[in-house]
Amino acid sequence: MKIEILIYIYLAVCLAMIGFNIVCIFVFSRGDMETEQSRLYYINLIKEQFSREALEDRHRLLIYKRLAHVRELTAFDKALETLSKDYPEEVYSYLRKLEHVFVALADRYSRRNEIQMAYFPYVISRYRLFEGENLPQINRILVDLLQKPSVYCRENALHAVYSLGISQNVADALKIIDEAGFYHNKKLITDGLMSFSGDKNELDEYLWERLDDYSLNIQLAILDYIRFSSEDFRERMLALLLDNRDSEIHYCAIRYLGRYPYEPAYEHLIKFSEHEDEARWEYTSITCFTLASYPCERTVNALKKCLGSRNWYVRLNASQALERMGLENIDFVDIFDGDDRYASEMMRYRLDSKKLHERAATS
């Protein structure tokens with residue numbers, strides 16, 4: 001009897017779960033249908049405004065009332081996404097005319113839950129709504145979001161700040177996150193800085209001047225960004241490399257000097273590649289890869305010597321650097337015929353891997 005009761009309970013739970021799933025499917029489908037209908041409505045509504053020099057107050061009021069609901073904002077976003085493919089300039093001009101509406105909406109969304117608050121700056125950044133403008137009302141909601149524990153809030157707020165194109169605002173936003181004590185992935189920061197819509201040269205100089213104001217994680221993100229952004233920091237990166245800094249800072253400087261060769265740095269890089277302290281193998285490993293940007297006989301000899309290192313990463317980077325320098329198989333005869341098993345095995349591994357990639361590309 002007890003077993004039968006358990007079976008009935010199990011069947012009841014299964015039926016309840018099936019019923020719950022059916023209701024969810026119905027509700028979500030209906031929500032998607034309503035969003036799609038709203039999207040089509042906004043497409044027609046927005047296209048009607050393209051030919052007008054100024055927007056009517058009635059239109060602004062309608063947009064304000066509807067977009068106060070996050071579902072309507074989602075549909076509006078989807079409509080803009082569709083229209084931007086064929087009418088990018090018209091959409092941008094239309095949104096600029098709606099700035100006061102979005103300023104008012106910012107105040108309303110600042111009082112919502114974190115998920116809804118985070119969606120608003122996403123729309124700001126996606127369509128560059130306030131590019132080049134420094135509005136206190138917008139800055140207030142972005143500063144509030146930057147101090148939220150949710151990474152989504154912080155990331156969306158940062159992208160909104162990048163879209164404004166104001167260097168000081170970006171520097172201040174990074175400082176707010178730093179002082180709040182939140183960890184923000186440095187790759188997210190680096191990629192975000194690359195999307196900055198303003199004068200990137202000005203941003204580079206501004207962030208460099210304030211570099212010491214940030215924690216190590218933010219410093220590394222900024223240095224990685226500068227590596228992809230500008231070639232005008234060779235001398236300063238060398239000074240950073242020779243300064244008494246954290247080793248991670250030195251690694252960033254070495255990578256920069258590999259991307260943008262700087263002759264005065266060559267002697268220092270060679271010394272790093274010849275470092276015999278196994279506890280500092282990271283310096284040797286990163287430098288080996290960097291030396292491919294300084295092709296000469298001395299570099300080749302230094303890299304061949306690194307092929308005999310006990311550390312696998314040093315040997316790998318040295319072999320990759322030699323490969324990048326375009327050396328032929330004949331140039332490695334001394335390695336293959338030598339007594340250093342580490343060096344010969346690593347170079348054979350790299351050359352065999354290269355052949356396999358070439359075959360895969362042609363097949």
# chains A, B, ... in the order shown; residues from 1 in each chain; ligands from 1
call {"tool": "residues_around", "arguments": {"residues": "stretch 152-164 of chain A", "least_positions_apart": "6", "cutoff": "10 Å", "atoms": "only C-alpha atoms", "output": "ChimeraX atom specification"}}
result
/A:114-135,138-139,141-146,170-174,177,182,184-185,188-189,191-198
call {"tool": "residues_around", "arguments": {"residues": "A:Trp281", "least_positions_apart": "3", "cutoff": "10 Å", "atoms": "only C-alpha atoms", "output": "short mmCIF file (atom, residue, chain, number, x, y, z; two decimals) with N, CA and C atoms, in the first residue's frame"}}
result
data_model
loop_
_atom_site.label_atom_id
_atom_site.label_comp_id
_atom_site.auth_asym_id
_atom_site.auth_seq_id
_atom_site.Cartn_x
_atom_site.Cartn_y
_atom_site.Cartn_z
N PHE A 272 66.94 39.80 -20.63
CA PHE A 272 65.84 39.02 -20.04
C PHE A 272 65.83 37.60 -20.61
N SER A 273 66.12 37.47 -21.90
CA SER A 273 66.11 36.14 -22.52
C SER A 273 67.25 35.28 -22.01
N HIS A 275 68.28 35.32 -18.91
CA HIS A 275 68.14 35.20 -17.46
C HIS A 275 68.23 33.73 -17.05
N GLU A 276 69.06 33.44 -16.08
CA GLU A 276 69.28 32.06 -15.65
C GLU A 276 68.51 31.70 -14.38
N ASP A 277 67.82 32.67 -13.80
CA ASP A 277 67.05 32.40 -12.59
C ASP A 277 65.75 31.70 -12.98
N GLU A 278 65.62 30.43 -12.64
CA GLU A 278 64.43 29.65 -13.04
C GLU A 278 63.17 30.17 -12.38
N THR A 284 61.63 35.37 -19.13
CA THR A 284 62.31 34.75 -20.27
C THR A 284 61.31 34.28 -21.31
N SER A 285 60.24 33.67 -20.86
CA SER A 285 59.24 33.13 -21.78
C SER A 285 58.59 34.22 -22.62
N ILE A 286 58.13 35.30 -21.97
CA ILE A 286 57.47 36.39 -22.70
C ILE A 286 58.45 37.10 -23.61
N THR A 287 59.68 37.28 -23.13
CA THR A 287 60.69 37.96 -23.94
C THR A 287 61.04 37.16 -25.19
N SER A 309 66.20 25.43 -22.64
CA SER A 309 65.75 25.71 -21.27
C SER A 309 65.02 24.51 -20.68
N ARG A 310 65.08 24.38 -19.36
CA ARG A 310 64.33 23.32 -18.68
C ARG A 310 62.83 23.58 -18.70
N ASN A 311 62.46 24.85 -18.83
CA ASN A 311 61.05 25.22 -18.78
C ASN A 311 60.40 25.04 -20.15
N TRP A 312 59.28 24.31 -20.17
CA TRP A 312 58.61 24.00 -21.43
C TRP A 312 58.08 25.24 -22.13
N TYR A 313 57.57 26.20 -21.37
CA TYR A 313 57.00 27.42 -21.95
C TYR A 313 58.09 28.28 -22.60
N VAL A 314 59.25 28.32 -21.98
CA VAL A 314 60.37 29.06 -22.58
C VAL A 314 60.75 28.42 -23.91
#
call {"tool": "select_by_dssp", "arguments": {"residues": "stretch 172-358 of chain A", "states": "alpha helix (DSSP H)", "output": "PyMOL selection string"}}
result
chain A and resi 172-180+186-194+200-209+216-229+234-242+247-259+266-273+281-290+297-306+312-324+333-336+341-358
